[in-house]
Each structure stands twice: as C-alpha cells, then as structure tokens.
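S.K.: entry_33.cif is the file, holding mmCIF, C-alpha atoms:
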data_run
loop_
_atom_site.label_atom_id
_atom_site.label_comp_id
_atom_site.auth_asym_id
_atom_site.auth_seq_id
_atom_site.Cartn_x
_atom_site.Cartn_y
_atom_site.Cartn_z
CA MET A 1 35.07 16.87 10.67
CA SER A 2 31.48 17.85 11.22
CA SER A 3 28.67 15.39 11.75
CA PRO A 4 26.46 14.72 8.71
CA LEU A 5 23.59 16.21 10.66
CA SER A 6 25.28 19.27 12.07
CA SER A 7 26.07 21.69 9.23
CA PRO A 8 23.67 24.61 8.91
CA ALA A 9 21.73 25.04 5.70
CA VAL A 10 22.70 27.72 3.24
CA PRO A 11 19.84 30.04 2.27
CA ALA A 12 18.69 29.93 -1.32
CA VAL A 13 19.89 32.77 -3.50
CA ARG A 14 16.33 33.59 -4.52
CA PRO A 15 13.00 32.27 -3.24
CA MET A 16 11.01 29.47 -4.79
CA SER A 17 8.41 30.52 -7.37
CA GLY A 18 5.56 28.79 -9.13
CA TRP A 19 7.54 28.97 -12.38
CA THR A 20 10.54 27.24 -10.79
CA THR A 21 8.26 24.54 -9.36
CA LEU A 22 6.74 23.90 -12.79
CA LEU A 23 10.17 23.84 -14.40
CA LEU A 24 11.46 21.28 -11.90
CA ALA A 25 8.34 19.12 -12.33
CA VAL A 26 8.72 19.04 -16.12
CA ALA A 27 12.45 18.40 -15.83
CA CYS A 28 11.93 15.46 -13.47
CA GLY A 29 9.35 13.96 -15.82
CA ILE A 30 11.66 14.20 -18.85
CA ILE A 31 14.61 12.74 -16.94
CA VAL A 32 12.91 9.84 -15.17
CA ALA A 33 11.26 8.73 -18.42
CA ASN A 34 14.72 7.62 -19.59
CA LEU A 35 14.45 4.66 -17.21
CA TYR A 36 11.26 3.29 -18.74
CA TYR A 37 11.54 3.76 -22.51
CA ALA A 38 13.20 0.36 -23.01
CA GLN A 39 10.61 -1.69 -21.09
CA PRO A 40 8.00 -1.99 -23.88
CA LEU A 41 10.74 -2.17 -26.55
CA ILE A 42 12.62 -5.24 -25.32
CA GLY A 43 11.34 -7.32 -28.26
CA PRO A 44 12.52 -5.14 -31.17
CA ILE A 45 15.74 -4.10 -29.41
CA SER A 46 16.78 -7.66 -28.59
CA GLY A 47 15.86 -8.71 -32.14
CA ASP A 48 18.13 -6.07 -33.70
CA LEU A 49 20.96 -6.78 -31.26
CA LYS A 50 20.62 -10.56 -31.67
CA LEU A 51 19.97 -11.13 -27.96
CA ALA A 52 18.46 -14.47 -26.98
CA PRO A 53 14.89 -14.14 -25.62
CA GLU A 54 15.84 -15.61 -22.25
CA VAL A 55 18.41 -12.86 -21.61
CA ALA A 56 16.56 -9.94 -23.25
CA GLY A 57 15.50 -8.68 -19.82
CA VAL A 58 19.10 -7.61 -19.18
CA ILE A 59 18.33 -4.49 -21.26
CA VAL A 60 16.06 -3.17 -18.50
CA THR A 61 18.04 -4.69 -15.64
CA LEU A 62 21.27 -2.90 -16.54
CA THR A 63 19.49 0.46 -16.70
CA GLN A 64 18.10 -0.21 -13.23
CA ILE A 65 21.54 -1.21 -11.94
CA GLY A 66 22.94 2.06 -13.26
CA TYR A 67 20.16 3.96 -11.51
CA VAL A 68 20.86 2.33 -8.14
CA LEU A 69 24.58 3.07 -8.54
CA GLY A 70 23.72 6.68 -9.27
CA LEU A 71 21.51 6.92 -6.19
CA LEU A 72 24.37 5.70 -4.02
CA PHE A 73 27.32 7.46 -5.64
CA LEU A 74 26.03 10.55 -7.52
CA VAL A 75 23.01 11.81 -5.58
CA PRO A 76 25.03 12.42 -2.37
CA LEU A 77 27.06 15.02 -4.29
CA GLY A 78 24.00 17.27 -4.07
CA ASP A 79 25.06 17.93 -0.45
CA ARG A 80 28.59 18.84 -1.51
CA LEU A 81 28.66 20.50 -4.97
CA GLU A 82 26.87 23.50 -6.40
CA ASN A 83 23.54 22.02 -7.44
CA ARG A 84 22.92 23.74 -10.77
CA LYS A 85 26.30 22.82 -12.21
CA LEU A 86 25.96 19.25 -10.93
CA VAL A 87 22.52 18.85 -12.51
CA VAL A 88 23.57 20.30 -15.87
CA GLY A 89 26.81 18.30 -16.03
CA VAL A 90 25.11 14.98 -15.31
CA LEU A 91 22.30 15.78 -17.77
CA MET A 92 24.79 16.39 -20.57
CA LEU A 93 26.44 13.04 -19.89
CA THR A 94 23.01 11.40 -19.88
CA ALA A 95 22.20 12.94 -23.26
CA GLY A 96 25.45 11.52 -24.63
CA ALA A 97 24.66 8.04 -23.27
CA LEU A 98 21.18 8.18 -24.85
CA ALA A 99 22.71 9.15 -28.20
CA VAL A 100 25.07 6.16 -28.01
CA THR A 101 22.10 3.93 -27.14
CA ALA A 102 20.16 5.23 -30.13
CA PHE A 103 22.90 4.52 -32.67
CA ALA A 104 24.64 1.51 -31.12
CA ARG A 105 25.06 -1.43 -33.47
CA SER A 106 26.77 -3.85 -31.06
CA THR A 107 25.31 -5.44 -27.97
CA PRO A 108 28.17 -4.55 -25.56
CA VAL A 109 28.06 -0.87 -26.57
CA PHE A 110 24.28 -0.72 -26.17
CA LEU A 111 24.32 -2.41 -22.77
CA ALA A 112 27.18 -0.23 -21.47
CA ALA A 113 25.31 2.88 -22.62
CA SER A 114 22.15 1.60 -20.89
CA VAL A 115 24.02 1.48 -17.57
CA CYS A 116 25.14 5.08 -18.14
CA VAL A 117 21.59 6.17 -18.96
CA GLY A 118 20.39 4.75 -15.65
CA LEU A 119 23.33 6.32 -13.82
CA GLY A 120 22.66 9.78 -15.23
CA SER A 121 18.89 9.65 -14.76
CA VAL A 122 19.35 10.00 -11.00
CA VAL A 123 19.67 13.73 -11.63
CA ALA A 124 15.90 13.81 -11.03
CA GLN A 125 16.64 12.76 -7.44
CA ILE A 126 19.06 15.67 -7.12
CA LEU A 127 16.36 18.08 -8.28
CA VAL A 128 13.77 16.92 -5.71
CA PRO A 129 15.85 17.83 -2.61
CA PHE A 130 16.96 20.93 -4.54
CA ALA A 131 13.29 21.95 -4.67
CA ALA A 132 12.86 21.13 -0.98
CA ASN A 133 15.82 23.35 -0.10
CA LEU A 134 14.43 26.27 -2.10
CA ALA A 135 10.93 25.98 -0.59
CA PRO A 136 9.99 27.57 2.75
CA GLU A 137 9.11 25.19 5.56
CA ALA A 138 5.39 26.02 5.53
CA THR A 139 4.91 24.96 1.89
CA ARG A 140 7.68 22.40 1.46
CA GLY A 141 5.31 19.44 1.20
CA ARG A 142 3.22 21.21 -1.43
CA VAL A 143 6.28 22.10 -3.51
CA VAL A 144 7.73 18.59 -3.32
CA GLY A 145 4.32 17.15 -4.21
CA ASN A 146 4.00 19.38 -7.26
CA VAL A 147 7.51 18.50 -8.45
CA MET A 148 6.94 14.80 -7.88
CA SER A 149 3.66 14.89 -9.84
CA GLY A 150 5.80 15.71 -12.87
CA LEU A 151 8.07 12.80 -12.07
CA PHE A 152 5.11 10.40 -11.81
CA ALA A 153 3.73 11.66 -15.10
CA GLY A 154 7.11 10.94 -16.70
CA ILE A 155 7.10 7.39 -15.34
CA MET A 156 3.61 6.63 -16.60
CA LEU A 157 3.89 8.39 -19.97
CA ALA A 158 7.28 6.90 -20.90
CA ARG A 159 6.00 3.42 -21.80
CA PRO A 160 3.09 4.45 -24.05
CA ILE A 161 5.16 7.19 -25.72
CA ALA A 162 7.96 4.71 -26.42
CA SER A 163 5.51 2.17 -27.87
CA LEU A 164 3.77 4.70 -30.12
CA VAL A 165 6.98 6.35 -31.38
CA ALA A 166 8.60 2.97 -32.02
CA ASP A 167 5.56 1.81 -34.00
CA VAL A 168 5.97 4.74 -36.39
CA PHE A 169 9.71 5.55 -36.47
CA GLY A 170 11.43 2.51 -34.89
CA TRP A 171 13.00 2.11 -31.47
CA HIS A 172 16.14 4.07 -32.38
CA ALA A 173 14.03 7.23 -32.67
CA VAL A 174 12.85 6.89 -29.07
CA PHE A 175 16.37 7.16 -27.66
CA ALA A 176 17.51 9.74 -30.20
CA GLY A 177 14.57 11.98 -29.33
CA SER A 178 15.25 11.56 -25.64
CA ALA A 179 18.91 12.49 -26.16
CA VAL A 180 17.88 15.75 -27.83
CA ALA A 181 15.30 16.46 -25.09
CA ASN A 182 17.85 15.92 -22.31
CA LEU A 183 20.46 18.09 -24.03
CA LEU A 184 17.99 20.95 -24.53
CA LEU A 185 16.83 20.57 -20.94
CA ALA A 186 20.42 20.87 -19.68
CA GLY A 187 20.87 24.16 -21.52
CA PHE A 188 17.54 25.51 -20.29
CA LEU A 189 18.22 24.60 -16.65
CA MET A 190 21.65 26.23 -16.83
CA ARG A 191 20.01 29.50 -17.82
CA THR A 192 17.01 29.43 -15.48
CA LEU A 193 17.77 27.52 -12.27
CA PRO A 194 19.02 29.50 -9.27
CA ARG A 195 22.40 28.61 -7.83
CA ARG A 196 22.61 26.63 -4.61
CA GLN A 197 25.99 26.02 -3.00
CA PRO A 198 25.88 23.62 -0.02
CA GLN A 199 28.08 24.60 2.90
CA SER A 200 29.42 21.10 3.56
CA SER A 201 33.08 20.52 2.73
CA MET A 202 32.98 16.82 3.60
CA ALA A 203 35.28 14.61 1.55
CA TYR A 204 33.57 12.32 -0.98
CA LEU A 205 34.32 9.05 0.83
CA ALA A 206 33.16 10.56 4.12
CA LEU A 207 30.01 11.70 2.33
CA LEU A 208 29.32 8.12 1.22
CA ARG A 209 30.04 6.70 4.69
CA SER A 210 27.65 9.20 6.24
CA MET A 211 24.77 7.67 4.25
CA TRP A 212 25.10 4.46 6.27
CA ASP A 213 25.28 6.54 9.45
CA LEU A 214 22.07 8.33 8.50
CA LEU A 215 20.29 5.03 7.93
CA CYS A 216 21.49 3.65 11.26
CA THR A 217 20.66 6.75 13.32
CA SER A 218 17.39 7.94 11.78
CA LYS A 219 14.29 5.98 12.77
CA LEU A 220 12.24 8.28 10.56
CA LEU A 221 14.26 7.32 7.50
CA ARG A 222 14.05 3.60 8.24
CA ARG A 223 10.32 3.65 8.90
CA ARG A 224 9.42 5.65 5.80
CA ALA A 225 11.70 3.42 3.72
CA VAL A 226 9.85 0.31 4.93
CA TYR A 227 6.47 1.84 4.05
CA HIS A 228 7.56 2.68 0.54
CA VAL A 229 9.47 -0.53 -0.13
CA PHE A 230 6.13 -2.33 0.24
CA ALA A 231 4.14 0.34 -1.63
CA PHE A 232 6.52 0.59 -4.58
CA GLY A 233 6.94 -3.18 -4.61
CA THR A 234 3.18 -3.41 -5.17
CA PHE A 235 3.35 -0.75 -7.90
CA SER A 236 6.12 -2.59 -9.76
CA LEU A 237 4.46 -5.98 -9.32
CA PHE A 238 1.18 -4.70 -10.77
CA TRP A 239 2.65 -2.79 -13.71
CA THR A 240 4.99 -5.65 -14.63
CA THR A 241 2.25 -8.27 -14.75
CA VAL A 242 -0.86 -6.41 -15.95
CA PRO A 243 0.52 -6.07 -19.53
CA LEU A 244 0.92 -9.87 -19.57
CA LEU A 245 -2.71 -10.24 -18.52
CA LEU A 246 -3.96 -7.70 -21.06
CA ALA A 247 -2.07 -9.44 -23.89
CA SER A 248 -3.42 -12.86 -22.86
CA PRO A 249 -6.55 -14.44 -24.40
CA ALA A 250 -8.58 -13.04 -21.48
CA PHE A 251 -8.37 -9.58 -23.07
CA GLY A 252 -6.37 -10.05 -26.30
CA MET A 253 -5.12 -6.47 -26.41
CA SER A 254 -2.45 -5.26 -28.84
CA GLN A 255 0.67 -3.39 -27.73
CA SER A 256 -0.88 -0.07 -28.77
CA GLN A 257 -4.00 -0.83 -26.73
CA ILE A 258 -1.86 -1.77 -23.72
CA ALA A 259 -0.03 1.52 -24.16
CA LEU A 260 -3.35 3.37 -23.97
CA PHE A 261 -4.24 1.41 -20.83
CA ALA A 262 -0.97 2.58 -19.27
CA LEU A 263 -2.04 6.18 -19.81
CA ALA A 264 -4.75 5.64 -17.21
CA GLY A 265 -2.07 5.45 -14.54
CA VAL A 266 -1.10 9.07 -15.19
CA ALA A 267 -4.27 10.12 -13.37
CA GLY A 268 -2.73 8.80 -10.17
CA ALA A 269 -0.23 11.67 -10.21
CA VAL A 270 -2.97 14.04 -9.01
CA ALA A 271 -2.56 12.60 -5.52
CA ALA A 272 0.97 13.98 -5.15
CA PRO A 273 0.09 17.67 -4.59
CA VAL A 274 -2.80 16.68 -2.31
CA ALA A 275 -0.47 14.56 -0.18
CA GLY A 276 1.98 17.46 -0.02
CA ARG A 277 -0.70 19.76 1.36
CA MET A 278 -1.72 17.13 3.93
CA ALA A 279 1.90 16.86 5.06
CA ASP A 280 2.18 20.64 5.43
CA ARG A 281 -0.88 20.55 7.70
CA GLY A 282 0.70 17.89 9.92
CA LEU A 283 -1.50 15.02 8.69
CA VAL A 284 1.34 12.65 7.82
CA ARG A 285 0.14 9.75 9.98
CA SER A 286 -3.47 9.80 8.76
CA GLY A 287 -2.25 10.43 5.22
CA THR A 288 -0.01 7.37 5.40
CA PHE A 289 -2.91 5.14 6.46
CA LEU A 290 -5.03 6.60 3.66
CA ALA A 291 -2.32 6.12 1.03
CA LEU A 292 -1.54 2.51 1.95
CA GLY A 293 -5.24 1.80 2.38
CA LEU A 294 -5.92 3.00 -1.17
CA VAL A 295 -3.33 0.59 -2.55
CA ALA A 296 -4.87 -2.32 -0.64
CA ALA A 297 -8.43 -1.35 -1.61
CA ALA A 298 -7.48 -1.17 -5.30
CA LEU A 299 -6.18 -4.73 -5.20
CA VAL A 300 -9.30 -5.94 -3.40
CA LEU A 301 -11.35 -4.48 -6.25
CA ALA A 302 -9.27 -6.38 -8.82
CA ILE A 303 -9.72 -9.59 -6.82
CA LEU A 304 -13.50 -9.10 -6.59
CA VAL A 305 -13.80 -8.49 -10.35
CA PRO A 306 -11.65 -11.21 -12.02
CA PRO A 307 -10.97 -11.21 -15.78
CA ALA A 308 -13.87 -13.57 -16.55
CA MET A 309 -16.47 -11.16 -15.14
CA SER A 310 -18.22 -8.38 -17.01
CA GLY A 311 -16.61 -5.02 -16.30
CA ALA A 312 -13.22 -6.55 -15.54
CA LEU A 313 -11.37 -4.11 -17.80
CA ALA A 314 -13.04 -1.10 -16.18
CA ALA A 315 -12.13 -2.51 -12.77
CA LEU A 316 -8.51 -2.87 -13.87
CA VAL A 317 -8.44 0.76 -15.01
CA VAL A 318 -9.75 1.90 -11.63
CA THR A 319 -7.26 -0.39 -9.88
CA ALA A 320 -4.38 1.10 -11.85
CA ILE A 321 -5.40 4.68 -11.07
CA VAL A 322 -5.98 4.06 -7.36
CA ILE A 323 -2.73 2.12 -6.89
CA ASP A 324 -0.84 4.97 -8.50
CA MET A 325 -2.64 7.50 -6.32
CA GLY A 326 -1.78 5.62 -3.14
CA VAL A 327 1.85 5.04 -4.08
CA SER A 328 2.43 8.63 -5.19
CA ALA A 329 0.78 9.99 -2.03
CA ASN A 330 2.87 7.75 0.21
CA LEU A 331 6.06 8.83 -1.55
CA ILE A 332 5.31 12.54 -1.05
CA LEU A 333 4.45 12.01 2.61
CA SER A 334 7.66 10.05 3.08
CA GLN A 335 9.82 12.67 1.39
CA ARG A 336 8.23 15.44 3.44
CA VAL A 337 9.20 13.53 6.57
CA ILE A 338 12.74 12.56 5.60
CA PHE A 339 13.56 16.05 4.31
CA SER A 340 12.85 17.32 7.82
CA ILE A 341 15.95 15.46 9.05
CA GLY A 342 18.16 18.34 7.91
CA ALA A 343 18.68 20.67 4.97
CA ASP A 344 22.38 19.79 4.69
CA VAL A 345 21.75 16.04 4.29
CA ARG A 346 18.70 16.02 2.01
CA SER A 347 20.46 14.64 -1.06
CA ARG A 348 22.04 11.82 0.92
CA VAL A 349 18.82 10.98 2.74
CA ASN A 350 16.97 11.00 -0.59
CA GLY A 351 19.63 8.75 -2.14
CA VAL A 352 19.35 6.18 0.65
CA PHE A 353 15.56 6.28 0.62
CA MET A 354 15.30 5.95 -3.15
CA ALA A 355 17.88 3.15 -3.36
CA LEU A 356 15.99 1.12 -0.76
CA PHE A 357 12.54 1.41 -2.26
CA PHE A 358 13.87 1.02 -5.81
CA ALA A 359 15.31 -2.32 -4.67
CA GLY A 360 11.83 -3.12 -3.35
CA GLY A 361 10.41 -2.30 -6.77
CA ALA A 362 12.86 -4.63 -8.48
CA ALA A 363 11.90 -7.38 -6.05
CA GLY A 364 8.22 -6.69 -6.71
CA SER A 365 8.71 -7.03 -10.47
CA THR A 366 10.54 -10.33 -10.06
CA LEU A 367 7.94 -11.64 -7.64
CA GLY A 368 5.13 -10.61 -9.96
CA VAL A 369 6.55 -12.42 -13.00
CA TRP A 370 7.19 -15.56 -10.92
CA THR A 371 3.72 -15.66 -9.34
CA TYR A 372 2.01 -14.94 -12.66
CA ALA A 373 3.92 -17.75 -14.38
CA HIS A 374 3.30 -20.29 -11.61
CA GLY A 375 -0.06 -19.31 -10.15
CA GLY A 376 -1.81 -17.05 -12.63
CA TRP A 377 -3.33 -13.58 -12.25
CA MET A 378 -5.38 -14.18 -9.11
CA THR A 379 -2.40 -15.59 -7.21
CA THR A 380 -0.44 -12.52 -8.28
CA LEU A 381 -3.16 -10.23 -6.91
CA TRP A 382 -3.24 -11.97 -3.51
CA VAL A 383 0.54 -11.70 -3.21
CA ALA A 384 0.33 -8.05 -4.22
CA LEU A 385 -2.35 -7.39 -1.60
CA ALA A 386 -0.13 -8.82 1.13
CA LEU A 387 2.44 -6.05 0.60
CA PRO A 388 0.34 -2.97 1.51
CA VAL A 389 -1.33 -4.96 4.30
CA LEU A 390 2.10 -5.64 5.84
CA ALA A 391 2.93 -1.95 5.50
CA LEU A 392 -0.32 -1.00 7.23
CA LEU A 393 0.36 -3.40 10.09
CA TYR A 394 3.80 -1.85 10.53
CA ALA A 395 2.27 1.63 10.44
CA PHE A 396 0.12 0.73 13.45
CA THR A 397 3.31 0.29 15.49
CA ASP A 398 4.14 3.98 15.09
CA LYS A 399 2.68 5.65 18.17
CA ARG A 400 3.96 9.16 17.45
#
How does the structure come out when it is put into structure tokens?
M.R.:
Amino acid sequence: MSSPLSSPAVPAVRPMSGWTTLLLAVACGIIVANLYYAQPLIGPISGDLKLAPEVAGVIVTLTQIGYVLGLLFLVPLGDRLENRKLVVGVLMLTAGALAVTAFARSTPVFLAASVCVGLGSVVAQILVPFAANLAPEATRGRVVGNVMSGLFAGIMLARPIASLVADVFGWHAVFAGSAVANLLLAGFLMRTLPRRQPQSSMAYLALLRSMWDLLCTSKLLRRRAVYHVFAFGTFSLFWTTVPLLLASPAFGMSQSQIALFALAGVAGAVAAPVAGRMADRGLVRSGTFLALGLVAAALVLAILVPPAMSGALAALVVTAIVIDMGVSANLILSQRVIFSIGADVRSRVNGVFMALFFAGGAAGSTLGVWTYAHGGWMTTLWVALALPVLALLYAFTDKR
C-alpha cells in the first residue's frame, strides 16, 4: 500500500479557466450558505416545532455536527473518487435534505434533516482542492483565493438573505429555495465541470487513517491549523455576539437592520484574492502577520470606541469588515501552504484543516455567548483580542 504522500498527481483533463474559477466560486457560495440560513431563524423555527427556548440552539448545533462529520468522512473521498461525480452526487443528496427541512412538520424529522444538510454542505470543501488541482502552480494561490471569495460571500450573505426572505415568505421558503438552488447547481456542474480522477486506490478505512498520519507528520498542517483556529474562533465569537449587542438598548436595532449590518462583512471577501496573489509571490509569512494583525487591530478599534461613544456603530462596521478581511486572508494563505503538501492528499489535508478550525469556531461562539452574558460587550472584546494575539505570538516562533 502506498504512503498517503507518495502517489503522483493526475493531470487535469483540461486547464483551469477564468470561467471555471467563477463557476466554482459561485458554487461554493451557494453550498456553504446552507450552513448559516438557520442561525437568524431559530426563533420562528423553534416556535413552529414547539422547541423549548433553552434547547432551540440545537437547530444550529446539529447542522454544525453534520458538517464536521462530513469533513472527516466525506471530504477525504475527493482523493479517491472521480471528483465531478462525487460533487454532483453529494449535492443532490443535500438538495433532498433541504427539501425535507423545508416541509418537515415534526421535530425529529427536521433535526435529522439538519444533520444531513450539514453533512452534504461539505461538498464546498471538495471543490476547493478540486480548484487547486486544476490550477497551475504559479497561480494556485490566486485561483484558490478567487474561489474562496465566493465561499466567504456565501457565508456573509446567508444570514441577511434568510432574515429578509423569512420576513416576507416565512422560514419554510428559505430552505425550499435553497433546495431548488442546490438541485439546479448539481445539474449545471455535471454539465460544465471537467472530470478529475485521482490515481489513489487506497481503501476507505486506510484513507481515513491517513488523515491522522498527515496531521502527525506535517508541521505545516499543524501550524496553519493553529493560526486559523484562533482566527476563525475570533470571527465566530464576534459574529455570534454582535447581533446581541445591536439588538440591545445600546443600539435597539431590529432584525432587518441587523441583517443589513451583516452585509457589511461581505466586503471582507475582497481580501481573499489579494492574499492568494501574495502567496503566489512567496509572501506567506509577511501575509500571515498582516492578516492576524488586521484581526487584532479591528478589535482594538472596537475597544477604543465603546457603544456609549459617538460613532460606535460606524466603528463596529469597520471592525466587522476588517475582521473578515484578516480571517479570509489568513485562510487563503493557509490553504496555499497546505495544498503544497501534495496533490494526491489535498482533499484529506483540507478535511483535517477545516475540521480543526471549524471546531475552533464552535468554541469561539460558545465562549462569546458566555463572556457576553457574564461580563458584557467589553469583556467579550478583550477575550476576542486575546485570540489573534496568541496566534501572532505563535507565528513569531516560525523561523522559516
């Protein structure tokens, strides 16, 4: 049996094009949005399903659990199965799960479908290494950055879109519309994506075991995972707690106004292509310091302009944009580095990396809610600031 790092890459059937890059960016945005539609809709969903307020958060939690399971058990198949068929098959299952979610009338059915939605949404993390495999070495960072900018846009647009659609048509329409979008996307990708057949013939269980081997043997993977655990933890902490602040008497914003505030974060996606170009020029180390520094600086701004001060809302908008810029840039830099480990292991490496920092994001959300409840907004900001500072201190230990 060959080592997980030893199999040669299989050349793409046809070269990467700007159209393919755009297609993959849009696809990733549509797919990843599935994970975030339920977050602003917990209230009406739990009301219809008769869920007690104290357990309503399970709606989002189960989707996240499904996503982590998909990262660990589905994404590695991108190194074993023909990529286009894998992507289309998982997308069709995701569309079915979304349809069940939209029309479910019982709590167990809805929650089971939510797990499946999270599980299937990892197809976005099959498409990212797919793009890296199609791109030539000299422009790989740029291509990954462009694709990931679509993914970031999907993350940031999902919440406001869900809130606005639900206000007009009800929450069922959000999931029904997403089911249709995912089904149409599956058909379109089947017709337009190039084929890519990995050479590896590794058995499925061996494929899963090799993910642990990759984590143990690759210092690059471990280091980049640590950076982004802290960065994404900050991102999740901020975006979980800032709606609570905006809805509080300090700002008194409605859900629609909070949805419009969330749109500001989309501007942070512009950093992804820039980070990709920096990585292609060999500026990963300086880019990492810049990315983590932006996250820290954004939080310092929020601390210096507390809610009681004039201009606090404008400062929060700038903070949101800059945090998103730093986090998106750090992610692209990290993926550019870990994809250099080997073409034949990119899906597995991406699965490990994503699972680790997604766990960091979940921890950041939990920490944010706890600190906000027990110490208020300023305590939350100081805790949030500690995360990128710790990442920066760790970055200084990298002498390469």
S.K.: Here's the selection I'm unsure about, the PyMOL selection byres ((chain A and resi 182) around 12); applied to the file above, which residues does it give, as a PyMOL selection string?
M.R.: chain A and resi 26-34+87-99+117+120-121+123-124+175-181+183-189
S.K.: Looking at all atoms listed in the file, which of A:Ala225, A:Val168, A:Ala272, A:Leu69 is the one that sits closest to Ile332 of chain A?
M.R.: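 Ranked by minimum distance to Ile332 of chain A, first place goes to A:Ala272.
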S.K.: Which residue out of A:Gly368, A:Gly252, A:Phe238, A:Tyr227 has the minimum interatomic distance to Val389 of chain A when only C-alpha atoms are used?
M.R.: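 Ranking A:Gly368, A:Gly252, A:Phe238, A:Tyr227 by distance to Val389 of chain A, first place goes to A:Tyr227.
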S.K.: Given 6 Å of margin on each side, can you work out the centre and size in Å (one decimal) of an axis-aligned box holding every listed atom of segment 57-71 of chain A, as JSON?
M.R.:
{"center_x": 20.0, "center_y": -0.9, "center_z": -13.7, "size_x": 21.1, "size_y": 27.6, "size_z": 27.1}
S.K.: Go through A:Ala362, A:Cys216, A:Leu392, A:Val242 one by one, measure the shortest atom-to-atom distance of each to Leu292 of chain A using all atoms listed in the file, and give the residue with the smallest value.
M.R.: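 For Leu292 of chain A, the nearest of the candidates is A:Leu392.
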S.K.: Ile126 of chain A: which residues within 10 Å, counting all atoms listed in the file, same-chain residues fewer than 3 positions away excluded, as a list in words?
M.R.: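 After dropping sequence-adjacent residues, the list is Cys28, Leu71, Leu74, Val75, Pro76, Leu77, Gly78, Asp79, Asn83, Arg84, Leu86, Val87, Ser121, Val122, Val123, Pro129, Phe130, Ala131, Arg346, Ser347, Arg348, Asn350 and Gly351 of chain A.
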S.K.: Which one is closest to Pro243 of chain A: A:Gln39, A:Ile161, A:Arg277, A:Gln335? Count all atoms listed in the file.
M.R.: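 When distances to Pro243 of chain A are compared using all atoms listed in the file, the smallest one comes from A:Gln39.
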S.K.: Given the choices A:Ala386, A:Leu119, A:Ala314, A:Ala153, which gets closest to Gly268 of chain A if the distance is worked out from all atoms listed in the file?
M.R.: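 Of the candidates, the smallest distance to Gly268 of chain A is held by A:Ala153.
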S.K.: Let me know the residues the PyMOL selection byres ((chain A and resi 299) around 12) catches in the file above, as number ranges by chain.
M.R.: A: 234-235, 237-238, 292-298, 300-306, 315-324, 326, 377-389
S.K.: So which residues are close to (25.6, 1.9, -19.7), meaning at most 12 Å away in the file's coordinates with only C-alpha atoms counted, and can you show them as a ChimeraX atom specification?
M.R.: /A:35,58-67,69-70,93-94,96-101,104,107-121
S.K.: Between A:Ala173, A:Ala275, A:Met202, A:Ala264, single out the one closest to Arg80 of chain A, counting all atoms listed in the file.
M.R.: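 Using all atoms listed in the file, the shortest distance to Arg80 of chain A belongs to A:Met202.
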S.K.: Please, what distance in Å, to one decimal, runs between atom CA of Leu41 of chain A and atom CA of Gly361 of chain A?
M.R.: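 A separation of 19.8 Å between them.
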S.K.: In Å, with one decimal, what is the gap from atom CA of Ser286 of chain A to atom CA of Met156 of chain A?
M.R.: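 According to the coordinates, atom CA of Ser286 of chain A and atom CA of Met156 of chain A are separated by 26.5 Å.
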S.K.: Run the PyMOL selection byres ((chain A and resi 209) around 12) on the file and write out the hits as a short mmCIF file (atom, residue, chain, number, x, y, z; two decimals) with C-alpha atoms, in the coordinates of the input.
M.R.:
data_model
loop_
_atom_site.label_atom_id
_atom_site.label_comp_id
_atom_site.auth_asym_id
_atom_site.auth_seq_id
_atom_site.Cartn_x
_atom_site.Cartn_y
_atom_site.Cartn_z
CA SER A 3 28.67 15.39 11.75
CA PRO A 4 26.46 14.72 8.71
CA LEU A 72 24.37 5.70 -4.02
CA PHE A 73 27.32 7.46 -5.64
CA PRO A 76 25.03 12.42 -2.37
CA MET A 202 32.98 16.82 3.60
CA ALA A 203 35.28 14.61 1.55
CA TYR A 204 33.57 12.32 -0.98
CA LEU A 205 34.32 9.05 0.83
CA ALA A 206 33.16 10.56 4.12
CA LEU A 207 30.01 11.70 2.33
CA LEU A 208 29.32 8.12 1.22
CA SER A 210 27.65 9.20 6.24
CA MET A 211 24.77 7.67 4.25
CA TRP A 212 25.10 4.46 6.27
CA ASP A 213 25.28 6.54 9.45
CA LEU A 214 22.07 8.33 8.50
CA LEU A 215 20.29 5.03 7.93
CA CYS A 216 21.49 3.65 11.26
CA ARG A 348 22.04 11.82 0.92
CA VAL A 352 19.35 6.18 0.65
#
S.K.: For atom CA of Arg196 of chain A and atom CA of Gln125 of chain A, determine how far apart the two atoms are, in Å to one decimal place.
M.R.: 15.4 Å
S.K.: What's around Ser163 of chain A at 7 Å? Count all atoms listed in the file, leave out sequence neighbours fewer than 5 positions away in its own chain, and write the answer as a ChimeraX atom specification.
M.R.: /A:40-41,256,259
S.K.: How would the residues just picked look written out with C-alpha atoms as a PDB file, keeping the file's coordinate frame?
M.R.:
ATOM      1  CA  PRO A  40       8.000  -1.990 -23.880  1.00  0.00           C
ATOM      2  CA  LEU A  41      10.740  -2.170 -26.550  1.00  0.00           C
ATOM      3  CA  SER A 256      -0.880  -0.070 -28.770  1.00  0.00           C
ATOM      4  CA  ALA A 259      -0.030   1.520 -24.160  1.00  0.00           C
TER       5      ALA A 259
END
